[in-house]
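Below is one structure, written out as structure tokens; the observations come after it.
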Number of protein chains: 4
Amino acid sequence: MKALVYGGAGNRSWIDVPDPSIKDPEDAIVRVDAVTICGTDLHILKGDVPEVDSGRILGHEAVGTVLDVGEQVHDISVGQRVLVSCISSCGRCRFCKEGRYGQCLGGGGWVLGHTIDGTQAERVRVPFADHSLHVLPDNVSSEDALMLADILPTSYEVGVLAGHVSPGDTVVVVGAGPIGLAALLTARLFSPSQVVMVDPAASRREQALASGADHAVASDAEAEALVQELTGGLGADVAIEAVGVPGSFELCTTLIRPGGHVANVGVHGAPATLHLETLWIKDVTITTGLVDTRTTPLLLRLLGEGKIDVSSLCTHRFGIDEMQDAYDVFARAGETGALKVALFNPDAVG
Amino acid sequence: MKALVYGGAGNRSWIDVPDPSIKDPEDAIVRVDAVTICGTDLHILKGDVPEVDSGRILGHEAVGTVLDVGEQVHDISVGQRVLVSCISSCGRCRFCKEGRYGQCLGGGGWVLGHTIDGTQAERVRVPFADHSLHVLPDNVSSEDALMLADILPTSYEVGVLAGHVSPGDTVVVVGAGPIGLAALLTARLFSPSQVVMVDPAASRREQALASGADHAVASDAEAEALVQELTGGLGADVAIEAVGVPGSFELCTTLIRPGGHVANVGVHGAPATLHLETLWIKDVTITTGLVDTRTTPLLLRLLGEGKIDVSSLCTHRFGIDEMQDAYDVFARAGETGALKVALFNPDAVG
Amino acid sequence: MKALVYGGAGNRSWIDVPDPSIKDPEDAIVRVDAVTICGTDLHILKGDVPEVDSGRILGHEAVGTVLDVGEQVHDISVGQRVLVSCISSCGRCRFCKEGRYGQCLGGGGWVLGHTIDGTQAERVRVPFADHSLHVLPDNVSSEDALMLADILPTSYEVGVLAGHVSPGDTVVVVGAGPIGLAALLTARLFSPSQVVMVDPAASRREQALASGADHAVASDAEAEALVQELTGGLGADVAIEAVGVPGSFELCTTLIRPGGHVANVGVHGAPATLHLETLWIKDVTITTGLVDTRTTPLLLRLLGEGKIDVSSLCTHRFGIDEMQDAYDVFARAGETGALKVALFNPDAVG
Amino acid sequence: MKALVYGGAGNRSWIDVPDPSIKDPEDAIVRVDAVTICGTDLHILKGDVPEVDSGRILGHEAVGTVLDVGEQVHDISVGQRVLVSCISSCGRCRFCKEGRYGQCLGGGGWVLGHTIDGTQAERVRVPFADHSLHVLPDNVSSEDALMLADILPTSYEVGVLAGHVSPGDTVVVVGAGPIGLAALLTARLFSPSQVVMVDPAASRREQALASGADHAVASDAEAEALVQELTGGLGADVAIEAVGVPGSFELCTTLIRPGGHVANVGVHGAPATLHLETLWIKDVTITTGLVDTRTTPLLLRLLGEGKIDVSSLCTHRFGIDEMQDAYDVFARAGETGALKVALFNPDAVG
């Protein structure tokens with residue numbers, strides 16, 4: 001089969017590799033019908049994620065059709081249309097029992113396209129299939145479902161739920177890329193009074209406003225002035241970091257009100273400065289986290305019911321053979337305006 | 001009357017000042033029967049708290065007897081023995097209605113010995129008396145009650161409750177001074193499996209072990225090794241920062257397990273480094289805060305019932321006229337072994 | 001002035017009574033600009049609420065203009081347009097400090113039109129004015145604000161929040177009168193998947209569907225069948241009782257899923273049967289309560305922002321002098337289709 | 001092997017039956033080293049639990065040694081000393097993923113000695129072994145561990161945690177049998193101010209006081225008078241029902257304060273009367289539930305650390321062959337003073 005193979009920093013190729021097969025009786029083999037690319041894949045390609053070995057197939061988000069299952073798989077069967085989630089779960093360790101699948105101690109967590117071969121291929125082996133695949137209802141399209149492989153549960157769990165977004169809140173989301181927009185879409189489930197998006201890119205601010213943001217501003221200074229004005233000088237109830245650089249985290253801690261929540265969603269590669277000399281007295285809660293995907297079944301249901309509309313998140317579509325082109329478009333998001341890109345296997349139906 | 005007056009950085013004097021009187025109908029005037037000194041007072045004397053003006057009477061912790069009340073005071077009456085709490089509360093603003101008295105927007109919060117004259121005097125004016133004084137039961141001594149003016153509710157609310165200490169937890173407290181020891185005493189209300197104290201001073205480690213700590217270690221490296229060993233490499237469930245310097249905060253973020261809580265209690269004067277490059281993925285919750293004293297009535301009750309024993313916290317006792325000596329002893333805690341010092345007015349009974 | 005005076009069971013009159021005046025320095029006197037009638041007033045008139053004495057002015061919901069304030073009132077001033085809430089709060093007792101104003105131990109709670117004279121009059125004395133009146137923003141009409149004097153915070157706090165309505169939930173509301181409809185409107189703040197209303201009156205079912213209910217059924221049997229079907233046999237996540245008779249409470253306990261919440265909002269006059277022989281094993285949570293009105297400021301804000309639309313709740317409008325007619329219409333809701341009725345003082349503006 | 005076989009209402013025999021064997025690849029076969037009898041077993045023998053078929057081996061609590069495991073068992077191996085828990089869990093259904101194992105939809109929940117053969121035998125087949133067995137640490141004796149097969153997690157989860165026992169609380173436990181005493185022991189992990197036990201049997205009241213209860217009273221009237229006195233007329237913060245008859249539940253609802261929690265632990269066979277005419281206004285939370293055993297690992301750890309002392313719960317010890325004698329003693333608890341009885345297999349070590 002064909003797959004997108006990491007060849008060390010700066011090097012990716014779409015080449016022939018052996019088909020995957022069942023290695024553990026809890027595995028499933030899934031034909032990839034739709035797949036996407038994550039900002040994290042770009043980090044890997046820069047060489048920023050050293051535990052990814054050369055030769056690894058990348059990708060941790062897909063929709064597909066089950067081709068084969070191991071003999072210890074109970075709830076997944078051949079022929080089902082499934083969501084391949086970015087998180088695998090052994091289902092038996094302490095953290096899996098707490099619903100903290102992202103911290104799985106039994107061989108799961110984020111493994112696809114990271115420590116084992118991933119989804120940017122024609123087929124993928126998924127470990128712990130019972131706990132790592134989600135059967136898709138017919139009324140959810142593959143493209144929409146792709147948005148639930150990573151970004152929607154990530155923004156909802158690590159941003160909205162950890163940040164305790166509540167009716168009437170003033171919520172700031174720093175970063176209006178796919179993760180930030182997904183935070184906007186899922187924050188609205190709790191009826192905040194206003195959501196302020198902060199992003200230097202005009203196209204992303206426009207997209208945010210079109211997706212329901214109440215305000216979109218470009219700079220830290222504008223964000224500070226606007227939040228002061230909107231909240232009578234108190235600060236935001238919730239600030240969600242959706243970029244992954246020190247400055248955007250520090251902006252969140254500046255914008256927050258006494259008693260407020262800063263929820264970090266971004267993937268960081270460098271430390272930030274925590275201004276404890278002003279924050280120690282402010283009753284602030286700061287949370288970090290990897291998605292657990294424990295809300296994926298709920299989000300799938302809300303998607304099917306039309307309570308969440310993700311149609312604005314996918315900006316470019318390709319055939320799966322155009323993987324390299326898709327990477328090029330996604331990597332140059334500043335020019336191309338790409339948010340999420342979707343690649344489809346022409347053999348798949350629906 | 002006599003009072004301890006701040007005279008700018010490095011300057012304190014015990015001098016005659018005018019007696020306080022009712023300025024607002026919600027005020028009470030309290031004769032100071034017992035008073036103590038806080039580490040924060042030393043910070044002020046170093047000039048680190050610029051909003052304290054020269055001429056200010058210091059002190060925010062006392063036990064006393066009510067001498068006079070304004071005409072809008074309902075629940076406090078002349079002659080009552082009361083705890084003067086470090087936090088005043090207007091009782092009407094948004095934050096007071098939420099029980100977040102430390103963030104009072106109506107003129108309360110931490111004001112005594114800060115923005116108005118404080119308790120290190122023979123008498124003190126207490127604003128918002130109904131919401132800021134606590135009538136003392138007969139079975140609580142003044143010395144014990146003093147420990148509830150600041151350090152016990154601070155450690156309990158900002159450390160133990162914000163950190164969600166739970167039965168079976170491994171809790172680390174960094175700093176074994178008065179605040180750290182109070183965190184130890186109140187953490188035990190929730191039956192943690194083990195409390196590890198970290199402090200470079202041997203005398204404080206001994207004191208911690210005598211007060212019920214399961215382990216006491218001197219250095220960061222020892223703390224890391226011990227917590228790894230005790231938790232099978234996972235890390236502590238809760239880490240409480242009780243010093244107020246960047247290094248001790250950073251140690252807490254190193255010791256914490258995935259899903260754990262870092263509760264900052266210390267008063268900081270400088271920023272810390274937050275290692276988001278390792279913490280982003282760890283599901284960590286970090287909290288900061290000023291005490292609200294909303295648990296002071298509960299702690300007073302537990303003290304009267306013998307559920308909390310604070311007798312080890314007060315190491316030195318003085319007459320109130322020995323204020324300068326008491327400051328000298330407290331400021332040289334490294335040599336004197338001082339934790340809390342208590343000064344008593346010889347006119348008071350009990 | 002004129003007032004609606006209770007004259008013992010079955011007896012009400014709109015008669016001249018003396019004007020109220022400040023009796024306590026925390027009081028305010030409010031001119032009633034708009035007022036409504038509650039189902040509880042009908043209970044009182046039946047003689048079901050024995051602590052209401054003959055001669056009492058009824059009513060606990062109004063919008064008005066402040067005419068006078070006592071000398072201990074700080075935050076309310078003459079001329080302000082205010083919401084008179086059904087709950088008064090002393091602000092100083094244990095329960096008020098916990099935000100549990102409905103249980104006030106200091107002379108507040110539900111007192112207006114109950115143990116002191118109420119709002120169905122041209123003027124009303126409101127105790128503890130700082131804690132019991134809410135200044136109205138200009139963009140909220142008096143008619144809309146009336147819906148926040150009792151029914152909206154009651155349904156939101158005692159129904160929606162106590163029942164933990166969450167995104168994706170199946171919520172059943174038994175009773176589609178004003179309280180049930182207010183539960184529907186406020187439940188939607190949390191994006192439930194579906195709200196099922198149960199009411200035998202066709203007009204109320206139609207009203208419920210027009211207000212956004214997903215389903216409306218007439219009988220217990222239909223409710224059981226529908227909830228089974230909608231939830232794959234599991235039962236509802238949340239069931240809100242909004243009638244106040246044993247049968248409707250018992251229906252809620254029948255419809256609930258394992259792990260679900262039954263939130264009782266109705267005012268009951270008789271015991272219900274609790275089927276512990278089936279419920280003991282089902283992990284069910286049942287809550288009761290009187291409104292605290294702690295969410296009234298939030299709901300006022302959401303109303304001003306258009307996040308809640310209460311325009312469907314008020315069905316009939318009168319001049320305040322038509323009080324007896326309004327009672328007649330409201331008491332015959334089955335015929336008149338009345339939900340809430342509003343009476344306006346022609347002297348009021350806006 | 002020998003086993004205690006249910007032969008229809010009133011009929012039990014200790015007879016030879018075939019040895020169990022692996023029927024499902026997730027099964028384990030466990031040699032029973034220690035076993036106990038539950039009050040529920042007596043209910044079954046009265047014929048009160050119709051889903052138990054004649055011919056069923058009873059018992060759902062044991063400690064044993066693993067003899068065999070199915071090929072899909074990952075974390076349990078032959079030779080391990082294990083706790084056989086009253087709750088089995090498939091680990092894959094919606095409720096198991098929420099930690100609500102008692103409500104398992106995949107074939108688990110309470111099945112042992114109920115819908116499949118149980119532990120009152122020389123050997124037992126345990127389904128879903130990975131999720132239903134707990135490996136025992138060496139420092140926990142089999143007799144102590146037996147107390148964690150059902151009663152301790154039941155009292156802790158369904159009583160103490162569901163009831164939100166907190167430091168300083170006044171807690172009432174109605175019923176001082178094994179479940180009530182276990183509620184007392186585990187409530188103390190949260191440092192309540194006082195625990196009041198209610199039981200008509202003098203021997204049980206003595207046992208309660210010896211186990212740390214602050215008060216023990218015989219009658220409803222005494223309980224009401226004492227709780228009024230202890231709480232200044234407000235009522236108890238938490239009331240735990242540990243009997244399973246209507247009267248004891250109704251007592252709990254009488255004793256509770258506004259804002260308090262009634263946690264029902266008892267197994268009921270008949271409905272109770274819920275006095276909504278007084279409770280509707282009281283902000284009361286009532287919870288029911290079957291144990292999930294999600295806290296069993298924590299309780300095992302606390303037992304090993306000496307934080308919980310269960311030594312007073314087991315009053316009579318037998319050889320496993322004396323099963324019928326043990327039932328006789330346990331069934332006549334009123335005369336024999338029996339709380340829990342333990343039966344040991346002489347082949348077991350330790």
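Residue names in the structure tokens use chain letters A, B, ... in the order shown, residue numbers from 1 in each chain, and ligand numbers from 1 in the order shown.
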Using only C-alpha atoms, I'd like every residue of chain C that has an atom within 7 Å of chain D; please write them out as an mmCIF file with N, CA, C and O atoms, in the first residue's frame.
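Below you can see selection04.cif, which holds the result:
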```
data_model
loop_
_atom_site.group_PDB
_atom_site.id
_atom_site.type_symbol
_atom_site.label_atom_id
_atom_site.label_comp_id
_atom_site.auth_asym_id
_atom_site.auth_seq_id
_atom_site.Cartn_x
_atom_site.Cartn_y
_atom_site.Cartn_z
ATOM 1 N N VAL C 267 -44.280 22.860 44.063
ATOM 2 C CA VAL C 267 -44.651 23.068 45.461
ATOM 3 C C VAL C 267 -45.686 22.006 45.818
ATOM 4 O O VAL C 267 -46.749 21.956 45.192
ATOM 5 N N HIS C 268 -45.342 21.174 46.788
ATOM 6 C CA HIS C 268 -46.202 20.030 47.099
ATOM 7 C C HIS C 268 -46.988 20.240 48.384
ATOM 8 O O HIS C 268 -46.485 20.837 49.346
ATOM 9 N N GLY C 269 -48.198 19.682 48.386
ATOM 10 C CA GLY C 269 -49.028 19.739 49.577
ATOM 11 C C GLY C 269 -49.304 18.363 50.161
ATOM 12 O O GLY C 269 -49.976 18.240 51.192
ATOM 13 N N ALA C 270 -48.755 17.326 49.547
ATOM 14 C CA ALA C 270 -49.038 15.964 50.003
ATOM 15 C C ALA C 270 -47.825 15.087 49.736
ATOM 16 O O ALA C 270 -47.023 15.378 48.842
ATOM 17 N N PRO C 271 -47.652 14.029 50.513
ATOM 18 C CA PRO C 271 -46.488 13.154 50.304
ATOM 19 C C PRO C 271 -46.611 12.357 49.008
ATOM 20 O O PRO C 271 -47.707 12.129 48.510
ATOM 21 N N ALA C 272 -45.481 11.935 48.507
ATOM 22 C CA ALA C 272 -45.433 11.049 47.345
ATOM 23 C C ALA C 272 -44.908 9.691 47.789
ATOM 24 O O ALA C 272 -44.347 9.549 48.880
ATOM 25 N N THR C 273 -45.097 8.717 46.947
ATOM 26 C CA THR C 273 -44.537 7.384 47.195
ATOM 27 C C THR C 273 -43.192 7.278 46.485
ATOM 28 O O THR C 273 -43.094 7.578 45.292
ATOM 29 N N LEU C 274 -42.170 6.895 47.227
ATOM 30 C CA LEU C 274 -40.834 6.734 46.643
ATOM 31 C C LEU C 274 -40.569 5.230 46.515
ATOM 32 O O LEU C 274 -40.436 4.530 47.531
ATOM 33 N N HIS C 275 -40.495 4.755 45.297
ATOM 34 C CA HIS C 275 -40.390 3.310 45.076
ATOM 35 C C HIS C 275 -38.949 2.831 45.252
ATOM 36 O O HIS C 275 -38.276 2.454 44.294
ATOM 37 N N LEU C 276 -38.527 2.834 46.512
ATOM 38 C CA LEU C 276 -37.156 2.419 46.822
ATOM 39 C C LEU C 276 -36.906 0.970 46.445
ATOM 40 O O LEU C 276 -35.751 0.587 46.241
ATOM 41 N N GLU C 277 -37.947 0.164 46.358
ATOM 42 C CA GLU C 277 -37.736 -1.244 46.003
ATOM 43 C C GLU C 277 -37.189 -1.376 44.585
ATOM 44 O O GLU C 277 -36.574 -2.383 44.257
ATOM 45 N N LEU C 279 -35.780 1.742 43.083
ATOM 46 C CA LEU C 279 -34.825 2.846 42.949
ATOM 47 C C LEU C 279 -33.529 2.630 43.725
ATOM 48 O O LEU C 279 -32.504 3.234 43.397
ATOM 49 N N TRP C 280 -33.535 1.787 44.784
ATOM 50 C CA TRP C 280 -32.337 1.679 45.630
ATOM 51 C C TRP C 280 -31.109 1.327 44.807
ATOM 52 O O TRP C 280 -30.004 1.771 45.112
ATOM 53 N N ILE C 281 -31.283 0.574 43.744
ATOM 54 C CA ILE C 281 -30.138 0.040 42.989
ATOM 55 C C ILE C 281 -29.775 0.920 41.796
ATOM 56 O O ILE C 281 -28.788 0.667 41.107
ATOM 57 N N LYS C 282 -30.518 2.019 41.566
ATOM 58 C CA LYS C 282 -30.439 2.710 40.279
ATOM 59 C C LYS C 282 -29.523 3.933 40.235
ATOM 60 O O LYS C 282 -29.460 4.637 39.223
ATOM 61 N N ASP C 283 -28.817 4.233 41.324
ATOM 62 C CA ASP C 283 -27.895 5.390 41.302
ATOM 63 C C ASP C 283 -28.619 6.682 40.928
ATOM 64 O O ASP C 283 -28.133 7.473 40.103
ATOM 65 N N VAL C 284 -29.754 6.906 41.536
ATOM 66 C CA VAL C 284 -30.542 8.082 41.200
ATOM 67 C C VAL C 284 -30.275 9.188 42.218
ATOM 68 O O VAL C 284 -30.070 8.928 43.398
ATOM 69 N N THR C 285 -30.249 10.429 41.751
ATOM 70 C CA THR C 285 -30.153 11.603 42.623
ATOM 71 C C THR C 285 -31.456 12.382 42.526
ATOM 72 O O THR C 285 -31.918 12.679 41.420
ATOM 73 N N ILE C 286 -32.035 12.688 43.676
ATOM 74 C CA ILE C 286 -33.286 13.459 43.740
ATOM 75 C C ILE C 286 -32.995 14.729 44.520
ATOM 76 O O ILE C 286 -32.417 14.663 45.612
ATOM 77 N N THR C 287 -33.380 15.857 43.966
ATOM 78 C CA THR C 287 -33.156 17.113 44.677
ATOM 79 C C THR C 287 -34.463 17.892 44.819
ATOM 80 O O THR C 287 -35.338 17.805 43.960
ATOM 81 N N THR C 288 -34.543 18.624 45.918
ATOM 82 C CA THR C 288 -35.660 19.539 46.133
ATOM 83 C C THR C 288 -35.076 20.912 46.439
ATOM 84 O O THR C 288 -33.879 21.027 46.693
ATOM 85 N N GLY C 289 -35.927 21.920 46.448
ATOM 86 C CA GLY C 289 -35.379 23.212 46.854
ATOM 87 C C GLY C 289 -36.277 24.392 46.586
ATOM 88 O O GLY C 289 -37.136 24.363 45.713
ATOM 89 N N LEU C 290 -36.021 25.419 47.351
ATOM 90 C CA LEU C 290 -36.610 26.732 47.120
ATOM 91 C C LEU C 290 -35.552 27.537 46.369
ATOM 92 O O LEU C 290 -34.350 27.377 46.605
#
```
As a list in words, please: all residues of segment 254-321 of chain C that backbone DSSP puts in strand (DSSP E). Ile256, Arg257, Pro258, Gly259, Gly260, His261, Val262, Ala263, Asn264, Ala272, Thr273, Leu274, Thr285, Ile286, Thr287, Cys314, Thr315, His316, Arg317, Phe318 and Gly319 of chain C
Dump of C-alpha atoms for the selected residues, as a compact mmCIF listing (two decimals), in the first residue's frame:
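Output file out_31.txt is given in full below:
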```txt
# COMPACT_ATOMS: atom_id res chain seq x y z
CA ILE C 256 -35.16 8.44 34.96
CA ARG C 257 -32.16 6.41 33.79
CA PRO C 258 -29.62 4.76 36.10
CA GLY C 259 -27.34 7.56 37.20
CA GLY C 260 -29.89 10.24 36.32
CA HIS C 261 -31.22 13.25 38.24
CA VAL C 262 -34.77 14.02 39.34
CA ALA C 263 -35.10 17.71 40.18
CA ASN C 264 -38.29 18.62 41.99
CA ALA C 272 -45.43 11.05 47.34
CA THR C 273 -44.54 7.38 47.20
CA LEU C 274 -40.83 6.73 46.64
CA THR C 285 -30.15 11.60 42.62
CA ILE C 286 -33.29 13.46 43.74
CA THR C 287 -33.16 17.11 44.68
CA CYS C 314 -46.80 36.38 29.47
CA THR C 315 -50.22 35.81 27.94
CA HIS C 316 -52.45 38.50 29.48
CA ARG C 317 -51.87 42.12 30.41
CA PHE C 318 -53.92 44.39 32.73
CA GLY C 319 -53.86 47.70 34.50
```
Of A:Phe190, A:Phe344, A:Tyr101, A:Tyr327, the one sitting nearest Leu146 of chain A when using only C-alpha atoms is A:Phe344
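Once Ser311 of chain D and its same-chain neighbours fewer than 6 positions away are set aside, D:Val140, D:Ser141, D:Ser142, D:Glu143, D:Asp144, D:Ala145, D:Leu146, D:Met147, D:Pro178, D:Leu181, D:Ala182, D:Leu185, D:Gln207, D:Ala210, D:Ser211, D:Leu303, D:Leu339, D:Lys340, D:Val341, D:Ala342 remain within 12 Å of it when counting only C-alpha atoms.
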Shell of 12 Å around segment 227-229 of chain C, only C-alpha atoms, local chain residues under 5 positions omitted, as a PyMOL selection string: chain C and resi 169-173+194-198+214-217+220-222+234-239+251-252+254-257
Could the residues in this selection be written to a file with N, CA, C and O atoms, as a compact mmCIF listing (two decimals), in the first residue's frame?
```txt
# COMPACT_ATOMS: atom_id res chain seq x y z
N ASP C 169 -27.99 15.84 26.69
CA ASP C 169 -28.94 15.15 27.57
C ASP C 169 -30.33 15.03 26.95
O ASP C 169 -30.75 15.86 26.16
N THR C 170 -31.02 13.99 27.39
CA THR C 170 -32.46 13.89 27.21
C THR C 170 -33.10 14.37 28.51
O THR C 170 -32.89 13.77 29.56
N VAL C 171 -33.85 15.47 28.40
CA VAL C 171 -34.45 16.09 29.57
C VAL C 171 -35.97 15.98 29.46
O VAL C 171 -36.53 16.27 28.39
N VAL C 172 -36.61 15.52 30.53
CA VAL C 172 -38.07 15.51 30.58
C VAL C 172 -38.51 16.58 31.57
O VAL C 172 -37.97 16.66 32.67
N VAL C 173 -39.49 17.38 31.17
CA VAL C 173 -40.09 18.35 32.08
C VAL C 173 -41.55 17.96 32.24
O VAL C 173 -42.30 17.97 31.25
N GLN C 194 -32.47 16.77 23.55
CA GLN C 194 -33.92 16.86 23.37
C GLN C 194 -34.58 17.13 24.72
O GLN C 194 -34.14 16.64 25.75
N VAL C 195 -35.64 17.94 24.64
CA VAL C 195 -36.46 18.21 25.81
C VAL C 195 -37.86 17.71 25.51
O VAL C 195 -38.46 18.09 24.49
N VAL C 196 -38.33 16.85 26.39
CA VAL C 196 -39.68 16.29 26.28
C VAL C 196 -40.55 16.93 27.35
O VAL C 196 -40.21 16.89 28.53
N MET C 197 -41.67 17.54 26.94
CA MET C 197 -42.59 18.15 27.89
C MET C 197 -43.80 17.23 28.06
O MET C 197 -44.30 16.67 27.07
N VAL C 198 -44.29 17.13 29.28
CA VAL C 198 -45.47 16.30 29.56
C VAL C 198 -46.53 17.18 30.19
O VAL C 198 -46.29 17.79 31.24
N ASP C 214 -38.75 19.64 21.99
CA ASP C 214 -38.61 18.71 20.88
C ASP C 214 -39.81 17.77 20.79
O ASP C 214 -40.15 17.30 19.71
N HIS C 215 -40.41 17.50 21.94
CA HIS C 215 -41.58 16.62 21.99
C HIS C 215 -42.50 17.12 23.09
O HIS C 215 -42.04 17.66 24.10
N ALA C 216 -43.81 16.88 22.92
CA ALA C 216 -44.76 17.20 23.98
C ALA C 216 -45.81 16.10 23.98
O ALA C 216 -46.41 15.81 22.94
N VAL C 217 -45.99 15.47 25.13
CA VAL C 217 -46.95 14.36 25.22
C VAL C 217 -47.92 14.63 26.36
O VAL C 217 -47.65 15.42 27.27
N ASP C 220 -48.85 9.97 31.12
CA ASP C 220 -47.72 9.24 31.67
C ASP C 220 -47.30 8.10 30.75
O ASP C 220 -46.10 7.89 30.52
N ALA C 221 -48.29 7.39 30.22
CA ALA C 221 -47.96 6.23 29.39
C ALA C 221 -47.23 6.68 28.13
O ALA C 221 -46.24 6.06 27.70
N GLU C 222 -47.70 7.77 27.54
CA GLU C 222 -47.00 8.28 26.35
C GLU C 222 -45.59 8.73 26.70
O GLU C 222 -44.64 8.51 25.93
N LEU C 234 -33.03 3.21 28.18
CA LEU C 234 -32.28 3.56 29.41
C LEU C 234 -33.05 4.50 30.34
O LEU C 234 -32.99 4.37 31.55
N GLY C 235 -33.72 5.47 29.76
CA GLY C 235 -34.41 6.47 30.56
C GLY C 235 -33.76 7.84 30.38
O GLY C 235 -32.70 7.98 29.77
N ALA C 236 -34.43 8.85 30.93
CA ALA C 236 -33.99 10.23 30.75
C ALA C 236 -32.80 10.54 31.64
O ALA C 236 -32.66 10.00 32.74
N ASP C 237 -31.94 11.44 31.17
CA ASP C 237 -30.81 11.88 31.98
C ASP C 237 -31.29 12.76 33.14
O ASP C 237 -30.76 12.68 34.24
N VAL C 238 -32.26 13.62 32.85
CA VAL C 238 -32.77 14.55 33.85
C VAL C 238 -34.29 14.60 33.73
O VAL C 238 -34.81 14.68 32.62
N ALA C 239 -34.97 14.53 34.87
CA ALA C 239 -36.43 14.70 34.88
C ALA C 239 -36.75 15.82 35.87
O ALA C 239 -36.34 15.77 37.03
N LEU C 251 -43.92 10.03 38.37
CA LEU C 251 -43.60 9.83 36.96
C LEU C 251 -42.12 10.12 36.70
O LEU C 251 -41.44 9.38 35.99
N CYS C 252 -41.63 11.19 37.28
CA CYS C 252 -40.20 11.52 37.10
C CYS C 252 -39.31 10.37 37.55
O CYS C 252 -38.33 10.03 36.87
N THR C 254 -39.99 7.32 37.55
CA THR C 254 -40.16 6.20 36.63
C THR C 254 -39.36 6.41 35.35
O THR C 254 -38.84 5.47 34.76
N LEU C 255 -39.27 7.68 34.92
CA LEU C 255 -38.68 7.98 33.62
C LEU C 255 -37.16 8.05 33.66
O LEU C 255 -36.52 8.09 32.62
N ILE C 256 -36.58 8.09 34.84
CA ILE C 256 -35.16 8.44 34.96
C ILE C 256 -34.27 7.23 34.67
O ILE C 256 -34.60 6.11 34.98
N ARG C 257 -33.12 7.49 34.08
CA ARG C 257 -32.16 6.41 33.79
C ARG C 257 -31.29 6.14 35.02
O ARG C 257 -31.18 6.99 35.91
```
Near Gly55 of chain A, within 8 Å and counting only C-alpha atoms, which residues show up once chain neighbours fewer than 2 positions away are dropped, as a list in words? Val5, Tyr6, Gly7, Gly8, Asp53 and Ile57 of chain A
Here is a test: counting only C-alpha atoms, which residue of A:Ala176, A:Leu184, A:Val35, A:Cys96 is nearest to Ser248 of chain A?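 Comparing A:Ala176, A:Leu184, A:Val35, A:Cys96 against Ser248 of chain A, the winner is A:Ala176.
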Quick one: distance from atom CA of Leu302 of chain C to atom CA of His74 of chain C in Å, one decimal?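 Calculated distance between atom CA of Leu302 of chain C and atom CA of His74 of chain C is 25.5 Å.
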Could you state the separation of atom CA of Ala201 of chain D and atom CA of Leu152 of chain D in Å, given to one decimal place? 21.5 Å
Of the listed residues D:Ile87, D:Ala223, D:Val124, D:Val69, that which approaches Ala3 of chain D most closely, counting only C-alpha atoms: D:Val124
